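Chemist: Got a structure for you, written out below as structure tokens; questions coming shortly.
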Amino acid sequence: MSGATLPAAAPLAAPRRMGHGAFWLASALAALALVAALRALGSEYAYFAATFVLQYVVLATAWNILGGYAGYVNFGAAAFFAAGAYTTVAVGKAFGLPLLPCIAAAALVGGALGLGTGVLTLRLRGAYFAIATLCLSVVLQTLVVNWDFVGGSRGAYVVRPREVPWPFDSYGGFLCAVMVGLAAGAVAIARTVEKSRLGLGLAALRDDEAAAEAAGVPTLRLKLVATTISGAMMAVAGAPLPYLGSYIEPNSAFGLAYGVNAIAMPLIGGTSSWAGPLVGAVLLASLQQAATVTISSAANLLIVGVVLVVFVCAAPHGIVGLFRGQR
Amino acid sequence: MSGVGDAPGDGEVVLRAEGVGMRFGGFAALSGVDLTVRAGERLGLIGPNGSGKSTFTNCLAGVYPGHEGAFAFRGERLGKLSPHERARRGLARTFQLPRPFRGLTVIENIRVPLAYAGRHEATETRAMACLEGVDLAGKAHRLPRELTQVELRRLELARATALDPVLLIADEAMAGLSHAEVDQILALLFRLNEAGTTIIMIEHVMRAVTEFSQRLAVLVAGRKVADGAPREVLAMPAVEEAYLGR
Ligand SMILES: Nc1ncnc2c1ncn2[C@@H]1O[C@H](COP(=O)(O)OP(=O)(O)OP(=O)(O)O)[C@@H](O)[C@H]1O
Ligand SMILES: [Mg+2]
């Protein structure tokens with residue numbers, strides 16, 4: 001797609017688009033419908049699989065706010081994800097709080113972590129930023145491995161509460177509904193960012209930082225806002241993890257799979273709009289879940305690799321890009 | 001041509017550069033440049049390739065915070081203000097090679113400065129008006145890669161001037177354009193000037209420079225060697241030598 005042959009269908013008029021409120025409402029309705037549909041299925045496996053896929057929707061959508069909208073590739077998604085998971089363990093253990101407050105705490109921790117990383121690294125460009133985020137993962141994992149309160153390298157068991165919140169029939173169903181809500185919220189936040197002044201500024205600095213500055217865009221501040229939002233949301237994606245498997249240990253929480261998927265999913269779906277990470281995450285995570293059940297989870301990263309190579313060659317602007325013709 | 005104030009020198013001082021210099025490693029790309037620009041003026045800044053014109057532009061725009069000397073813009077020291085803060089104060093620049101936001105449509109390119117200036121309410125309407133001013137309204141929803149070279153220059157100018165800047169420094173807005181296209185850009189710059197924008201035009205196209213400038217400043221090897229009325233400056237031996245002697 002070098003732009004040599006352009007589809008003649010370049011729009012002449014600006015497409016009309018849905019307002020922010022309408023989109024949030026639509027997201028909420030879609031979430032309710034999904035919860036109702038899963039409830040109708042009523043199988044614990046369906047709850048688990050949906051929760052697994054949806055955590056990636058949140059993670060990929062969150063990553064894309066910095067990586068896609070602003071063009072800063074973060075290789076440390078696993079660090080943020082694990083920070084969220086371990087916040088749940090630590091806050092739950094220290095204060096005996098249930099999942100929902102832990103998710104809020106994870107957002108704070110992830111946001112602070114994102115802001116801190118941004119302040120330290122965002123004056124670096126391109127490869128340097130990517131390497132710095134990779135280091136973050138290593139540093140954080142080392143900290144957790146040496147932190148006995150959350151189990152250190154042995155990991156920690158997290159017991160699901162016995163009483164299930166109304167109106168759910170099992171804790172798995174509740175957890176899944178929470179994840180549906182988080183996913184819907186994440187997508188709505190991403191779309192709101194994308195269609196707002198912030199999104200316009202991020203798109204400008206992604207294309208040309210010096211030109212954006214010359215046009216009056218406070219690029220450094222925008223990048224910090226983006227790392228904070230992205231970091232908070234990536235941590236939120238990981239917050240329910242301890243309850244999903246009821247056991248958590250550093251090697252899996254900081255696993256390569258999260259970092260790789262967080263990048264691969266938006267790339268496959270398309271990084272320039274909210275729909276990209278959503279489509280990419282649903283596709284790739286479902287594939288991996290199916291492979292885990294039928295073959296083994298060992299093949300997961302191989303699948304991601306193969307799909308990524310196919311898409312980079314066949315659809316460099318992702319699945320969403322295919323439908324739009326360009327961009 | 002009748003612009004604002006055909007006799008430069010009576011308006012208030014918009015820009016004062018004092019001892020501006022810039023080194024890249026050990027190499028002095030610019031040294032000790034003093035320059036005063038008054039409101040409404042049309043100043044031509046010329047000089048051979050590599051004489052420091054773009055470096056001066058970058059110093060003024062805040063790209064090189066570590067430069068020597070100082071700028072005062074409308075009486076305010078620019079100091080370490082970042083490029084976007086200077087832009088918001090009414091200091092606009094274009095890039096020597098057009099640098100559109102390639103992922104954004106033409107009109108979105110214009111909406112960027114409008115959105116971040118916070119001064120304009122109806123950004124969509126206002127953006128369209130800016131595009132009409134440079135005759136690009138018909139391509140508002142195209143991507144930059146669909147534009148021709150002149151159109152990219154016009155987009156560059158429209159984006160830089162969307163906020164009605166006090167001072168525009170246009171870095172070779174006409175390089176590589178045809179005779180007719182040079183006239184288009186020239187007309188545009190005259191129109192901006194008549195609307196009150198002070199303009200520093202950096203240009204190699206001598207016909208445009210002489211037609212546009214009320215005053216000429218000449219850089220040679222990073223130093224200002226002449227500053228005055230165009231006819232006198234162009235007749236100076238030092239200037240002739242710089243242009244013809246190499
Ligand atoms: N970032 C940089 N690093 C090192 N040297 C530089 C840099 N920018 C400019 N220079 C050097 O400084 C000198 C002045 O460059 P500058 O671009 O300001 O010239 P110019 O007058 O704009 O030339 P032209 O008419 O070709 O655009 C040149 O010798 C150039 O090689
Ligand atoms: Mg130059």
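Letters for chains follow the order of the structure tokens (A, B, ...), residue numbers begin at 1 for each chain, and ligand numbers begin at 1 in the order shown.
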Listing only residues of chain B within 6 Å of chain A, what is the closest atom pair and its distance in Å (to one decimal) for each, using only C-alpha atoms, sorted by chain and residue number ascending, as a tab-separated table?
Modeler:
residue	atom	partner	partner_atom	distance
B:Pro83	CA	A:Glu213	CA	5.5
B:His84	CA	A:Gly216	CA	4.0
B:Ala87	CA	A:Gly216	CA	5.3
B:Arg88	CA	A:Gly216	CA	5.8
B:Phe101	CA	A:Asp207	CA	5.3
B:Pro113	CA	A:Ala215	CA	4.8
B:Tyr116	CA	A:Val217	CA	6.0
B:His141	CA	A:Leu12	CA	5.7
Chemist: Give me, as a tab-separated table, the closest atom pair and its distance (Å, one decimal) for every residue of chain B within a cut-off of 10 Å of ligand 2, counting only C-alpha atoms and all ligand atoms, rows sorted by chain and rising number.
Modeler:
residue	atom	partner	partner_atom_place_in_ligand_line	distance
B:Ile46	CA	ligand 2	1 (Mg)	9.8
B:Gly47	CA	ligand 2	1 (Mg)	9.4
B:Pro48	CA	ligand 2	1 (Mg)	9.4
B:Asn49	CA	ligand 2	1 (Mg)	7.1
B:Gly50	CA	ligand 2	1 (Mg)	6.9
B:Ser51	CA	ligand 2	1 (Mg)	8.1
B:Gly52	CA	ligand 2	1 (Mg)	6.9
B:Lys53	CA	ligand 2	1 (Mg)	5.4
B:Ser54	CA	ligand 2	1 (Mg)	4.0
B:Thr55	CA	ligand 2	1 (Mg)	7.2
B:Phe56	CA	ligand 2	1 (Mg)	9.0
B:Thr57	CA	ligand 2	1 (Mg)	8.5
B:Asn58	CA	ligand 2	1 (Mg)	9.8
B:Phe95	CA	ligand 2	1 (Mg)	8.8
B:Gln96	CA	ligand 2	1 (Mg)	6.1
B:Leu97	CA	ligand 2	1 (Mg)	9.1
B:Asp171	CA	ligand 2	1 (Mg)	6.6
B:Glu172	CA	ligand 2	1 (Mg)	7.2
B:Ile202	CA	ligand 2	1 (Mg)	8.0
B:Glu203	CA	ligand 2	1 (Mg)	8.8
B:His204	CA	ligand 2	1 (Mg)	9.7
Chemist: Going by DSSP on the backbone, which residues of region 132-256 of chain A come out as alpha helix (DSSP H)? List them as a PyMOL selection string.
Modeler: chain A and resi 132-145+171-194+197-207+209-214+219-238+241-245+250-253+256
Chemist: So which residues touch Leu278 (chain A) within 8 Å, counting only C-alpha atoms, skipping near sequence neighbours fewer than 6 positions away, as a VMD selection string?
Modeler: chain A and resid 57 60 to 61 187 266 269
Chemist: Output the selection as a PDB file, in the first residue's frame - C-alpha atoms for each residue.
Modeler:
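result.pdb was written with the following content:
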ATOM      1  CA  VAL A  57      -9.825  -6.690  24.581  1.00  0.00           C
ATOM      2  CA  ALA A  60      -5.113  -4.356  23.520  1.00  0.00           C
ATOM      3  CA  THR A  61      -7.445  -1.357  23.600  1.00  0.00           C
ATOM      4  CA  VAL A 187     -13.582   0.545  24.134  1.00  0.00           C
ATOM      5  CA  PRO A 266      -3.988  -3.892  17.599  1.00  0.00           C
ATOM      6  CA  GLY A 269      -7.039  -5.300  13.835  1.00  0.00           C
TER       7      GLY A 269
END
Chemist: Excluding region 208-217 of chain B and any residue of its chain fewer than 3 positions from it, enumerate the residues within 6 Å of it, using only C-alpha atoms, and give them as a CSV table (one decimal) with N, CA and C atoms, in the first residue's frame.
Modeler:
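What follows is the written file selection39.csv:
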chain,number,residue,atom,x,y,z
B,42,ARG,N,7.5,43.3,5.5
B,42,ARG,CA,7.8,42.2,4.7
B,42,ARG,C,9.3,42.1,4.5
B,43,LEU,N,9.9,41.2,5.2
B,43,LEU,CA,11.4,41.1,5.2
B,43,LEU,C,11.8,39.9,4.4
B,44,GLY,N,12.7,40.1,3.5
B,44,GLY,CA,13.3,39.0,2.8
B,44,GLY,C,14.6,38.6,3.5
B,45,LEU,N,14.7,37.3,3.8
B,45,LEU,CA,16.0,36.8,4.4
B,45,LEU,C,16.6,35.8,3.4
B,205,VAL,N,14.2,32.0,-4.8
B,205,VAL,CA,13.6,32.5,-6.1
B,205,VAL,C,13.7,34.1,-6.0
B,226,ALA,N,24.4,41.9,5.4
B,226,ALA,CA,23.8,43.1,4.9
B,226,ALA,C,22.3,43.2,5.4
B,227,ASP,N,21.8,44.4,5.5
B,227,ASP,CA,20.4,44.6,6.0
B,227,ASP,C,20.0,45.9,5.6
B,228,GLY,N,19.0,46.0,4.7
B,228,GLY,CA,18.6,47.3,4.2
B,228,GLY,C,17.6,47.3,3.0
B,229,ALA,N,17.5,48.4,2.3
B,229,ALA,CA,16.6,48.4,1.2
B,229,ALA,C,17.1,47.4,0.1
B,230,PRO,N,16.2,46.7,-0.5
B,230,PRO,CA,16.5,45.6,-1.4
B,230,PRO,C,17.5,46.1,-2.5
Chemist: Name all residues at most 10 Å from Gly21 (chain A) (count only C-alpha atoms; drop same-chain ones fewer than 6 positions away) and give them as a tab-separated table (two decimals) with N, CA, C and O atoms, in the first residue's frame.
Modeler:
chain	number	residue	atom	x	y	z
A	27	SER	N	-22.35	1.06	23.87
A	27	SER	CA	-21.43	0.13	24.51
A	27	SER	C	-22.09	-0.56	25.69
A	27	SER	O	-21.96	-1.78	25.87
A	188	ALA	N	-15.13	2.23	24.95
A	188	ALA	CA	-15.77	3.56	24.93
A	188	ALA	C	-14.77	4.66	25.27
A	188	ALA	O	-14.79	5.74	24.67
A	192	THR	N	-13.71	7.65	22.79
A	192	THR	CA	-13.85	9.04	23.22
A	192	THR	C	-12.53	9.79	23.03
A	192	THR	O	-12.51	10.91	22.54
Chemist: Name the residues in contact with Ala238 (chain B) at a cut-off of 12 Å, using only C-alpha atoms, excluding same-chain residues fewer than 5 positions from it; report them as a ChimeraX atom specification.
Modeler: /B:47,218-220,223-227,232-233,243-245
Chemist: Fewer than 3 positions away in the same chain doesn't count, so skip those; otherwise give me all residues within 12 Å of His67 (chain B), counting only C-alpha atoms, as number ranges by chain.
Modeler: B: 17-24, 28-33, 55-64, 70-71, 78-80
Chemist: Measuring atom to atom with only C-alpha atoms and all ligand atoms, identify which of B:Gly25, B:Pro144, B:Gly138, B:Gly40 is nearest to ligand 1.
Modeler: B:Gly25
Chemist: Kindly give the distance, in Å, that separates CA of Ala39 (chain B) and CA of Glu181 (chain B), rounded to a single decimal.
Modeler: 27.4 Å
Chemist: Find, counting only C-alpha atoms, the residue in A:Phe52, A:Leu66, A:Ile268, A:Val35 that gets nearest to Val307 (chain A).
Modeler: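 Answer, going by the shortest atom-to-atom distance: A:Ile268.
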Chemist: With only C-alpha atoms as the basis for distance, which of B:Leu168, B:Ala175, B:Leu91, B:Ile185 is at the shortest distance from Glu151 (chain B)?
Modeler: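 Nearest candidate to Glu151 (chain B) out of B:Leu168, B:Ala175, B:Leu91, B:Ile185: B:Ile185.
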Chemist: Restricting the calculation to only C-alpha atoms and all ligand atoms: of B:Val14, B:Met201, B:Ile110, B:Ala117, which residue gets closest to ligand 1?
Modeler: B:Met201
